[in-house]
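input-v8.cif (mmCIF, C-alpha atoms) appears below.
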```cif
data_run
loop_
_atom_site.label_atom_id
_atom_site.label_comp_id
_atom_site.auth_asym_id
_atom_site.auth_seq_id
_atom_site.Cartn_x
_atom_site.Cartn_y
_atom_site.Cartn_z
CA MET A 1 -164.35 89.49 -11.64
CA GLY A 2 -166.13 86.66 -13.43
CA ASN A 3 -167.30 83.78 -11.31
CA GLU A 4 -166.43 80.33 -12.52
CA ILE A 5 -167.94 77.14 -11.23
CA ILE A 6 -165.42 75.80 -8.70
CA LEU A 7 -166.70 72.24 -8.35
CA ASP A 8 -167.52 69.38 -10.71
CA LYS A 9 -171.21 68.80 -9.95
CA GLY A 10 -171.30 65.16 -11.15
CA ALA A 11 -168.19 64.18 -9.22
CA PHE A 12 -169.43 65.96 -6.10
CA ARG A 13 -172.81 64.26 -6.33
CA ARG A 14 -171.10 60.85 -6.49
CA LYS A 15 -169.03 61.84 -3.48
CA VAL A 16 -172.13 62.90 -1.55
CA GLU A 17 -173.86 59.64 -2.35
CA GLN A 18 -170.91 57.69 -0.97
CA LEU A 19 -170.35 59.99 2.01
CA SER A 20 -166.88 58.74 2.72
CA ASN A 21 -166.41 61.15 5.63
CA ILE A 22 -169.39 59.83 7.57
CA PRO A 23 -168.47 56.16 7.84
CA THR A 24 -171.02 55.10 10.45
CA LEU A 25 -174.06 56.41 8.65
CA PRO A 26 -174.88 54.23 5.65
CA GLY A 27 -174.86 50.93 7.58
CA LEU A 28 -176.99 52.20 10.45
CA LEU A 29 -179.47 53.91 8.24
CA GLU A 30 -179.80 50.98 5.91
CA LYS A 31 -180.50 48.70 8.85
CA PHE A 32 -183.06 51.08 10.30
CA THR A 33 -184.97 51.72 7.07
CA ARG A 34 -184.96 48.02 6.15
CA MET A 35 -186.53 47.15 9.49
CA VAL A 36 -189.00 50.02 9.46
CA LYS A 37 -190.26 49.00 6.03
CA ASP A 38 -190.66 45.36 7.02
CA PRO A 39 -194.32 44.95 8.03
CA ASP A 40 -193.37 41.94 10.16
CA THR A 41 -191.15 44.06 12.41
CA SER A 42 -193.02 45.27 15.47
CA MET A 43 -192.07 48.47 17.27
CA SER A 44 -190.56 46.55 20.17
CA ALA A 45 -188.65 44.18 17.83
CA LEU A 46 -187.29 47.21 15.99
CA GLY A 47 -186.29 48.79 19.27
CA LYS A 48 -184.60 45.59 20.40
CA GLU A 49 -182.70 45.17 17.14
CA LEU A 50 -181.52 48.78 17.16
CA SER A 51 -180.49 48.42 20.82
CA LYS A 52 -177.97 45.74 19.80
CA ASP A 53 -175.97 48.53 18.21
CA GLN A 54 -174.44 50.07 21.31
CA VAL A 55 -172.90 53.04 19.55
CA LEU A 56 -176.22 53.97 18.01
CA THR A 57 -178.12 53.39 21.24
CA SER A 58 -175.85 55.50 23.39
CA LYS A 59 -175.75 58.29 20.83
CA LEU A 60 -179.49 58.36 20.37
CA LEU A 61 -180.31 58.23 24.06
CA LYS A 62 -177.78 60.96 24.85
CA LEU A 63 -179.29 63.09 22.14
CA VAL A 64 -182.97 62.60 22.95
CA ASN A 65 -182.34 63.13 26.66
CA SER A 66 -180.33 66.30 26.19
CA SER A 67 -182.50 69.12 27.45
CA PHE A 68 -181.14 71.47 24.82
CA TYR A 69 -182.81 69.59 21.98
CA GLY A 70 -186.09 69.75 23.87
CA PHE A 71 -187.31 66.24 23.11
CA PRO A 72 -189.60 64.78 25.73
CA GLY A 73 -187.21 63.93 28.55
CA ARG A 74 -186.29 60.76 30.45
CA ILE A 75 -186.16 58.35 27.54
CA SER A 76 -184.34 55.23 28.67
CA THR A 77 -184.63 52.78 25.77
CA VAL A 78 -184.62 52.94 21.99
CA THR A 79 -188.11 51.37 21.95
CA HIS A 80 -189.33 54.17 24.23
CA ALA A 81 -187.77 56.75 21.88
CA LEU A 82 -189.52 55.11 18.92
CA VAL A 83 -192.89 55.25 20.64
CA LEU A 84 -192.47 58.85 21.82
CA LEU A 85 -190.88 60.37 18.75
CA GLY A 86 -192.11 58.14 15.91
CA GLN A 87 -190.13 56.38 13.21
CA ASN A 88 -189.71 59.40 10.93
CA ALA A 89 -188.27 61.57 13.69
CA LEU A 90 -185.99 58.79 14.89
CA GLU A 91 -184.68 58.18 11.38
CA GLY A 92 -183.83 61.88 11.14
CA LEU A 93 -182.09 61.72 14.51
CA ILE A 94 -179.92 58.81 13.40
CA ILE A 95 -178.78 60.97 10.50
CA SER A 96 -178.19 64.06 12.63
CA SER A 97 -176.24 62.17 15.30
CA SER A 98 -173.85 60.80 12.67
CA ILE A 99 -173.50 63.97 10.64
CA PHE A 100 -173.10 66.57 13.36
CA GLU A 101 -170.47 64.68 15.34
CA ASN A 102 -168.05 65.03 12.45
CA LEU A 103 -168.16 68.80 12.22
CA SER A 104 -165.09 70.95 12.62
CA PRO A 105 -165.25 73.95 14.98
CA ASP A 106 -165.68 76.44 12.14
CA ALA A 107 -169.05 74.81 11.41
CA TYR A 108 -170.31 75.05 15.00
CA PRO A 109 -172.38 78.19 14.21
CA LEU A 110 -174.19 76.10 11.60
CA TRP A 111 -174.79 73.37 14.18
CA ARG A 112 -176.18 75.92 16.65
CA HIS A 113 -178.36 77.40 13.92
CA SER A 114 -179.71 73.91 13.13
CA ILE A 115 -180.65 73.26 16.77
CA ALA A 116 -182.22 76.71 16.98
CA VAL A 117 -184.37 76.03 13.90
CA SER A 118 -185.33 72.69 15.42
CA LEU A 119 -186.45 74.41 18.65
CA ALA A 120 -188.35 77.05 16.67
CA SER A 121 -190.02 74.45 14.40
CA ARG A 122 -191.24 72.57 17.45
CA ALA A 123 -192.47 75.77 19.12
CA ILE A 124 -194.41 76.82 16.00
CA ALA A 125 -195.89 73.33 15.46
CA SER A 126 -196.91 73.16 19.13
CA GLU A 127 -198.46 76.61 19.04
CA LEU A 128 -200.54 75.55 16.02
CA SER A 129 -201.44 72.24 17.74
CA LEU A 130 -200.11 70.24 14.77
CA ALA A 131 -199.81 66.46 15.01
CA ASP A 132 -196.41 64.72 15.28
CA VAL A 133 -194.59 67.79 16.56
CA GLU A 134 -191.27 65.91 16.80
CA GLU A 135 -191.22 65.42 13.02
CA PHE A 136 -191.19 69.20 12.62
CA ALA A 137 -188.39 69.47 15.18
CA VAL A 138 -186.26 66.92 13.33
CA ALA A 139 -186.99 68.46 9.92
CA GLY A 140 -185.75 71.75 11.42
CA LEU A 141 -182.67 70.06 12.82
CA LEU A 142 -181.80 68.67 9.38
CA HIS A 143 -182.93 71.60 7.22
CA ASP A 144 -179.37 72.70 6.39
CA ILE A 145 -177.93 69.21 6.06
CA GLY A 146 -176.71 70.10 2.57
CA LYS A 147 -174.51 72.82 4.09
CA VAL A 148 -173.20 70.34 6.64
CA ILE A 149 -172.24 67.97 3.83
CA LEU A 150 -170.45 70.80 2.02
CA HIS A 151 -168.51 71.62 5.20
CA LEU A 152 -167.56 67.97 5.61
CA GLU A 153 -166.80 66.97 2.06
CA VAL A 154 -165.35 70.08 0.38
CA PRO A 155 -164.36 72.46 3.21
CA GLN A 156 -162.01 74.64 1.15
CA GLU A 157 -164.40 75.16 -1.73
CA TYR A 158 -167.24 75.84 0.69
CA GLN A 159 -165.19 78.49 2.51
CA THR A 160 -164.76 80.17 -0.88
CA VAL A 161 -168.56 80.16 -1.26
CA ILE A 162 -169.07 81.66 2.20
CA ASP A 163 -166.43 84.35 1.58
CA HIS A 164 -168.06 85.16 -1.76
CA ALA A 165 -171.50 85.45 -0.13
CA TYR A 166 -170.13 87.90 2.46
CA ARG A 167 -168.29 89.92 -0.13
CA THR A 168 -171.27 90.19 -2.48
CA LYS A 169 -173.91 90.44 0.29
CA GLN A 170 -175.80 87.45 -1.02
CA HIS A 171 -177.45 84.63 0.81
CA ILE A 172 -175.33 81.51 1.05
CA TRP A 173 -177.69 79.56 -1.19
CA GLN A 174 -177.36 82.24 -3.88
CA ALA A 175 -173.56 82.11 -3.69
CA GLU A 176 -173.71 78.31 -3.80
CA ARG A 177 -175.69 78.45 -7.05
CA GLU A 178 -173.29 80.97 -8.50
CA LEU A 179 -170.05 79.20 -7.61
CA LEU A 180 -171.10 75.54 -7.41
CA GLY A 181 -173.94 75.40 -9.93
CA PHE A 182 -176.27 73.94 -7.28
CA ASP A 183 -177.25 74.77 -3.70
CA HIS A 184 -177.50 72.93 -0.39
CA ALA A 185 -181.14 72.05 -1.09
CA ASN A 186 -180.05 70.07 -4.17
CA ILE A 187 -177.74 68.05 -1.96
CA ALA A 188 -180.63 67.31 0.36
CA LEU A 189 -182.63 66.01 -2.60
CA TRP A 190 -179.80 63.70 -3.71
CA LEU A 191 -179.38 62.43 -0.18
CA SER A 192 -183.06 61.90 0.42
CA LYS A 193 -183.10 59.55 -2.56
CA THR A 194 -180.01 57.66 -1.43
CA TRP A 195 -181.34 57.37 2.11
CA THR A 196 -185.03 57.02 1.16
CA LEU A 197 -185.94 59.67 3.69
CA PRO A 198 -189.62 60.07 4.66
CA THR A 199 -191.20 62.90 2.63
CA LYS A 200 -192.13 64.80 5.81
CA LEU A 201 -188.40 65.25 6.39
CA ALA A 202 -187.08 65.28 2.81
CA ILE A 203 -189.44 67.91 1.39
CA PRO A 204 -188.99 70.64 4.02
CA ILE A 205 -185.23 70.09 3.92
CA ALA A 206 -185.18 70.41 0.13
CA TYR A 207 -187.63 73.32 -0.23
CA HIS A 208 -187.24 75.58 2.81
CA HIS A 209 -185.91 78.34 0.51
CA MET A 210 -188.65 77.72 -2.08
CA PRO A 211 -191.77 77.02 0.00
CA GLY A 212 -194.12 77.67 -2.92
CA THR A 213 -192.70 74.82 -5.01
CA PRO A 214 -193.76 71.50 -3.50
CA THR A 215 -197.36 70.31 -3.67
CA GLU A 216 -197.15 67.96 -0.69
CA GLU A 217 -196.06 68.36 2.94
CA ARG A 218 -196.67 72.10 2.57
CA ILE A 219 -197.27 72.65 6.26
CA HIS A 220 -193.91 71.03 7.07
CA VAL A 221 -192.15 73.24 4.54
CA ALA A 222 -193.88 76.38 5.82
CA VAL A 223 -193.13 75.66 9.48
CA VAL A 224 -189.42 75.01 8.82
CA ALA A 225 -189.12 78.08 6.54
CA MET A 226 -190.79 80.23 9.19
CA ALA A 227 -188.62 78.74 11.94
CA ASP A 228 -185.53 79.58 9.85
CA MET A 229 -186.81 83.17 9.54
CA PHE A 230 -187.49 83.49 13.28
CA VAL A 231 -184.03 82.19 14.14
CA ARG A 232 -182.33 84.52 11.68
CA GLY A 233 -184.43 87.38 13.04
CA LEU A 234 -183.07 86.55 16.48
CA GLY A 235 -179.52 86.82 15.14
CA CYS A 236 -178.67 83.11 14.97
CA GLY A 237 -178.30 82.78 11.22
CA ALA A 238 -174.93 81.01 11.19
CA GLU A 239 -173.14 82.31 8.10
CA ASP A 240 -176.21 84.17 6.92
CA ASP A 241 -176.85 87.53 8.58
CA LEU A 242 -178.61 89.46 5.83
CA PRO A 243 -181.86 91.40 6.34
CA LEU A 244 -184.95 89.18 6.32
CA GLU A 245 -187.01 88.98 3.14
CA VAL A 246 -190.80 89.16 3.04
CA PRO A 247 -191.78 85.47 3.24
CA GLU A 248 -193.62 83.89 0.33
CA PRO A 249 -197.43 84.20 0.73
CA ILE A 250 -197.78 80.41 1.03
CA ILE A 251 -195.98 80.55 4.39
CA GLU A 252 -198.41 83.04 5.85
CA LYS A 253 -201.30 81.05 4.41
CA GLN A 254 -200.10 77.76 5.85
CA VAL A 255 -198.99 79.20 9.19
CA PRO A 256 -201.27 82.16 9.99
CA LEU A 257 -199.78 83.24 13.31
CA THR A 258 -201.27 86.12 15.30
CA LEU A 259 -199.17 88.77 17.00
CA GLU A 260 -199.84 87.08 20.36
CA GLN A 261 -198.73 83.70 19.04
CA ILE A 262 -195.54 85.16 17.58
CA HIS A 263 -194.85 86.85 20.89
CA LYS A 264 -195.35 83.56 22.74
CA ILE A 265 -193.07 81.64 20.38
CA ILE A 266 -190.28 84.25 20.53
CA GLU A 267 -190.62 84.43 24.31
CA LYS A 268 -190.05 80.67 24.44
CA ILE A 269 -187.22 80.27 21.93
CA GLU A 270 -185.16 83.42 22.42
CA PRO A 271 -183.58 82.43 25.76
CA GLU A 272 -183.05 78.87 24.53
CA ILE A 273 -181.25 80.16 21.45
CA HIS A 274 -179.26 82.63 23.54
CA ASN A 275 -178.02 79.74 25.67
CA LEU A 276 -176.84 77.79 22.64
CA ASN A 277 -174.15 80.38 21.94
CA ARG A 278 -171.39 78.79 23.95
CA LEU A 279 -172.32 75.13 23.44
CA VAL A 280 -170.25 72.72 21.38
CA PRO A 281 -171.53 69.38 19.98
CA GLU A 282 -169.69 67.30 22.60
CA ASP A 283 -171.79 68.93 25.34
CA ILE A 284 -175.02 67.39 24.16
CA GLY A 285 -174.30 64.36 22.07
CA MET B 1 -182.22 94.94 33.25
CA VAL B 2 -184.01 91.61 32.83
CA LYS B 3 -181.63 88.95 31.58
CA ALA B 4 -182.19 85.37 30.43
CA ILE B 5 -179.58 82.97 31.76
CA ALA B 6 -179.02 79.21 31.56
CA LEU B 7 -180.04 77.45 34.75
CA THR B 8 -176.50 76.07 34.92
CA ASP B 9 -175.31 79.67 35.45
CA ALA B 10 -177.83 80.38 38.20
CA GLU B 11 -176.39 81.40 41.56
CA VAL B 12 -177.83 81.46 45.06
CA GLY B 13 -179.00 84.99 45.86
CA MET B 14 -180.14 85.92 42.36
CA THR B 15 -183.77 87.05 42.10
CA LEU B 16 -186.21 85.75 39.51
CA SER B 17 -187.57 88.60 37.42
CA ARG B 18 -190.20 86.31 35.87
CA GLY B 19 -192.08 83.34 37.22
CA VAL B 20 -191.03 79.87 36.06
CA THR B 21 -193.54 77.46 34.55
CA ASP B 22 -193.00 73.88 33.43
CA ASP B 23 -193.90 72.35 30.05
CA LYS B 24 -197.51 71.95 31.06
CA GLY B 25 -197.83 75.58 32.13
CA MET B 26 -197.78 74.81 35.86
CA THR B 27 -196.18 77.61 37.89
CA LEU B 28 -193.11 76.37 39.78
CA CYS B 29 -192.16 79.69 41.37
CA SER B 30 -193.22 83.26 41.00
CA GLU B 31 -191.56 86.53 40.05
CA GLY B 32 -189.43 88.02 42.80
CA THR B 33 -188.44 84.67 44.33
CA PRO B 34 -184.80 84.63 45.48
CA LEU B 35 -182.84 81.59 44.26
CA THR B 36 -181.74 79.09 46.88
CA GLU B 37 -179.69 75.95 46.29
CA ARG B 38 -182.79 73.88 46.90
CA LEU B 39 -184.82 75.84 44.36
CA ILE B 40 -182.07 75.63 41.72
CA ASN B 41 -181.95 71.84 42.20
CA LEU B 42 -185.72 71.61 41.98
CA LEU B 43 -185.72 73.54 38.69
CA LYS B 44 -182.97 71.24 37.37
CA GLN B 45 -185.08 68.22 38.25
CA ARG B 46 -188.01 69.76 36.39
CA GLU B 47 -185.75 70.18 33.32
CA ILE B 48 -185.94 73.96 33.21
CA ASN B 49 -183.16 75.30 30.96
CA THR B 50 -183.54 79.02 31.20
CA ILE B 51 -184.60 81.51 33.84
CA TYR B 52 -184.96 85.27 33.86
CA ILE B 53 -183.16 87.25 36.52
CA GLU B 54 -182.79 90.91 37.39
CA SER B 55 -179.17 91.44 36.38
CA GLY B 56 -178.72 94.74 38.15
CA GLU B 57 -177.17 96.05 34.93
CA THR B 58 -178.84 98.84 33.05
CA MET B 59 -178.95 99.14 29.31
CA THR B 60 -177.16 102.31 28.29
CA GLU B 61 -178.73 104.62 25.76
CA GLU B 62 -175.98 103.66 23.27
CA GLU B 63 -176.70 99.95 23.70
CA TYR B 64 -180.41 100.56 23.27
CA VAL B 65 -179.90 102.62 20.10
CA ALA B 66 -177.50 100.02 18.67
CA ALA B 67 -179.93 97.17 19.39
CA LYS B 68 -182.80 99.12 17.86
CA GLU B 69 -180.76 99.91 14.74
CA LYS B 70 -179.93 96.25 14.37
CA ILE B 71 -183.62 95.33 14.48
CA GLU B 72 -184.53 98.10 12.01
CA LYS B 73 -181.83 96.86 9.61
CA ARG B 74 -182.74 93.19 9.94
CA PHE B 75 -186.44 93.95 9.45
CA ALA B 76 -186.07 96.65 6.78
CA ALA B 77 -188.49 94.77 4.50
CA ALA B 78 -191.27 94.76 7.12
CA SER B 79 -193.36 97.64 5.74
CA ASP B 80 -196.79 96.16 6.56
CA SER B 81 -197.39 95.84 10.31
CA ASN B 82 -200.12 93.23 9.72
CA SER B 83 -197.80 90.95 7.76
CA LEU B 84 -195.91 88.10 9.35
CA LEU B 85 -192.62 89.98 9.11
CA GLY B 86 -194.28 93.14 10.47
CA LYS B 87 -195.69 91.29 13.49
CA PHE B 88 -192.30 89.70 14.10
CA LYS B 89 -190.66 93.14 14.05
CA ILE B 90 -193.24 94.57 16.48
CA THR B 91 -192.53 91.66 18.84
CA MET B 92 -188.78 92.26 18.69
CA LEU B 93 -189.16 95.99 19.35
CA GLU B 94 -191.52 95.35 22.27
CA ARG B 95 -189.05 92.94 23.78
CA LEU B 96 -186.28 95.50 23.48
CA GLU B 97 -188.43 98.11 25.26
CA ASN B 98 -189.16 95.61 28.06
CA MET B 99 -185.47 94.84 28.44
CA LYS B 100 -184.67 98.50 28.71
CA GLY B 101 -187.28 98.74 31.45
#
```
As a first step, turn the structure in this file into structure tokens.
Amino acid sequence: MGNEIILDKGAFRRKVEQLSNIPTLPGLLEKFTRMVKDPDTSMSALGKELSKDQVLTSKLLKLVNSSFYGFPGRISTVTHALVLLGQNALEGLIISSSIFENLSPDAYPLWRHSIAVSLASRAIASELSLADVEEFAVAGLLHDIGKVILHLEVPQEYQTVIDHAYRTKQHIWQAERELLGFDHANIALWLSKTWTLPTKLAIPIAYHHMPGTPTEERIHVAVVAMADMFVRGLGCGAEDDLPLEVPEPIIEKQVPLTLEQIHKIIEKIEPEIHNLNRLVPEDIG
Amino acid sequence: MVKAIALTDAEVGMTLSRGVTDDKGMTLCSEGTPLTERLINLLKQREINTIYIESGETMTEEEYVAAKEKIEKRFAAASDSNSLLGKFKITMLERLENMKG
């Protein structure tokens, strides 16, 4: 059977850039990025302005205080969240809170996988004593955002891709390239331009399957790629349950974990991931 | 068999099979401690998500073999035990042995 491209790439890209199925996102994000980039806006002024948006505030506080995401607990104001997590991480959280709430139940495994990769990214970054650990956690949370967009915007076509991947024993990203002409990382690149995402989030999201490609933010890419591998190794790969590949040498070079460190990380994340199995997005915001 | 459970599933009378430490590494209670309502509430307050208990179940030989096969299949590419993938596989196999007891 020959495989024909099942989606018009140009039309889909335009659709992604408009994101008609995620109505709350563009306005909120635009407001946030405009304020963040304004040098006259102080952290507390930014927090105050964001707090005026009650939907955003309640969503963000519910999310950062949910123990399952593992962010530092007891955060009571948006300003406090900004100080603790940093602007980059908070920008990523605004995106995740809008995107994930729109998922249909058949995409819940992908949502669980995303949280698991977030937990693993944080655990790896902490173990390596890297700075701004929460940025790694949020990059992990958003690493498969392109798949989420495919679920939301073209569910039928994406189901065809998933079925094809299962049938041909390929990774999802390989089936995406074959049937769509692009993969979920391409979508992340388009979105990162539309949303002007910080590079520490945009690059790991776009290159976690090709960690040797980018020349900047390599440690972020390597940590997220390794976190993805750990989570798949623990059996939480969402649609992707193929044997693990030998990681690209750049990952091992950037993140040279010892056996003891791997043991410690797995010991920490395995029970957390196990407990995600029966959760649904409504449980944690 | 040692089993990880969510704290929300913890019940009075269960016994901790591993000690519980908080984020900063401080020990909150040690291995062998029986769970009381007060202790469960204390762990909730300290934002502990997961605890290990002795489930009383034993892993059958079939379950062990199936779990081991799954790991071997998932880590088929891990030929070098000093590589990242090799070390990850060793960790997974060790954990399986510990679970079996």
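What the PyMOL selection byres ((chain A) within 7 of (chain B)) grabs from this file is Ser67, Gly233, Leu242, Pro243, Leu244, Glu245, Val246, Glu252, Leu259, Ile262, His263, Pro271, Glu272 and Asn275 of chain A.
When the PyMOL selection byres ((chain B and resi 39) around 12) is run on the displayed coordinates, the residues it returns are Leu7, Ala10, Glu11, Val12, Gly13, Met14, Thr15, Leu16, Val20, Leu28, Cys29, Ser30, Thr33, Pro34, Leu35, Thr36, Glu37, Arg38, Ile40, Asn41, Leu42, Leu43, Lys44, Gln45, Arg46, Ile48 and Ile51 of chain B.
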Export C-alpha atoms of the chosen residues as a short mmCIF file (atom, residue, chain, number, x, y, z; two decimals), in the coordinates of the input?
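Once everything was written out, this is result-v7.cif:
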```
data_model
loop_
_atom_site.label_atom_id
_atom_site.label_comp_id
_atom_site.auth_asym_id
_atom_site.auth_seq_id
_atom_site.Cartn_x
_atom_site.Cartn_y
_atom_site.Cartn_z
CA LEU B 7 -180.04 77.45 34.75
CA ALA B 10 -177.83 80.38 38.20
CA GLU B 11 -176.39 81.40 41.56
CA VAL B 12 -177.83 81.46 45.06
CA GLY B 13 -179.00 84.99 45.86
CA MET B 14 -180.14 85.92 42.36
CA THR B 15 -183.77 87.05 42.10
CA LEU B 16 -186.21 85.75 39.51
CA VAL B 20 -191.03 79.87 36.06
CA LEU B 28 -193.11 76.37 39.78
CA CYS B 29 -192.16 79.69 41.37
CA SER B 30 -193.22 83.26 41.00
CA THR B 33 -188.44 84.67 44.33
CA PRO B 34 -184.80 84.63 45.48
CA LEU B 35 -182.84 81.59 44.26
CA THR B 36 -181.74 79.09 46.88
CA GLU B 37 -179.69 75.95 46.29
CA ARG B 38 -182.79 73.88 46.90
CA ILE B 40 -182.07 75.63 41.72
CA ASN B 41 -181.95 71.84 42.20
CA LEU B 42 -185.72 71.61 41.98
CA LEU B 43 -185.72 73.54 38.69
CA LYS B 44 -182.97 71.24 37.37
CA GLN B 45 -185.08 68.22 38.25
CA ARG B 46 -188.01 69.76 36.39
CA ILE B 48 -185.94 73.96 33.21
CA ILE B 51 -184.60 81.51 33.84
#
```
Once the PyMOL selection byres ((chain A and resi 171-188) around 9) has been evaluated on this model, what residues remain selected, and can you format them as a PyMOL selection string? chain A and resi 3-9+13+16+143-150+157-158+160-162+164-166+168-170+189-193+202-203+205-209+239-242
For the atom pair atom CA of Val224 of chain A and atom CA of Met35 of chain A, what is the interatomic distance in Å to one decimal place?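 Going from atom CA of Val224 of chain A over to atom CA of Met35 of chain A covers 28.0 Å.
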Give me, please, the distance in Å between atom CA of Leu257 of chain A and atom CA of Ala222 of chain A, quoted to one decimal.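 These atoms are spaced 11.7 Å apart.
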Mind checking which residues fall within 10 Å of Arg122 of chain A, counting all atoms listed in the file, ignoring those fewer than 5 positions away in the same chain, and posting them as number ranges by chain? A: 70-71, 116-117, 127-128, 130, 132-140, 223-224, 227, 265, 269
Please return as an MDAnalysis selection string every residue within 7 Å of (-179.8, 62.7, 31.5), taking into account only C-alpha atoms and the file's own coordinates. chainID A and resid 65:66 74
Counting only C-alpha atoms, which of B:Thr8, B:Ser17, B:Thr27, B:Asn98 gets nearest to Met59 of chain B? B:Asn98
For Pro249 of chain A, list every protein, DNA or RNA residue within 9 Å, evaluated using only C-alpha atoms, and leave out those in the same chain fewer than 4 positions away; present the list as a JSON list (two decimals) with C-alpha atoms, in the frame of the given file.
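As a result, out_9.json now contains:
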```json
[["chain", "number", "residue", "atom", "x", "y", "z"],
["A", 212, "GLY", "CA", -194.12, 77.67, -2.92],
["A", 253, "LYS", "CA", -201.30, 81.05, 4.41],
["A", 254, "GLN", "CA", -200.10, 77.76, 5.85]]
```
Just to confirm, what's the straight-line distance from atom CA of Thr199 of chain A to atom CA of Glu217 of chain A in Å (one decimal)?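 Separating atom CA of Thr199 of chain A from atom CA of Glu217 of chain A is a distance of 7.3 Å.
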Identify, on the basis of all atoms listed in the file, every residue whose closest approach to Glu49 of chain A does not exceed 10 Å; exclude the query and any residue fewer than 5 positions from it along the same chain; express the result as a VMD selection string. chain A and resid 31 to 32 35 41 43 to 44 78 to 79
Could the centre and edge lengths of an axis-aligned box, enclosing all atoms of segment 43-56 of chain B in the file with 5 Å extra on each side, be given in Å to one decimal as lines of an AutoDock Vina configuration file?
```
center_x = -183.4
center_y = 81.5
center_z = 34.8
size_x = 19.3
size_y = 36.5
size_z = 17.7
```
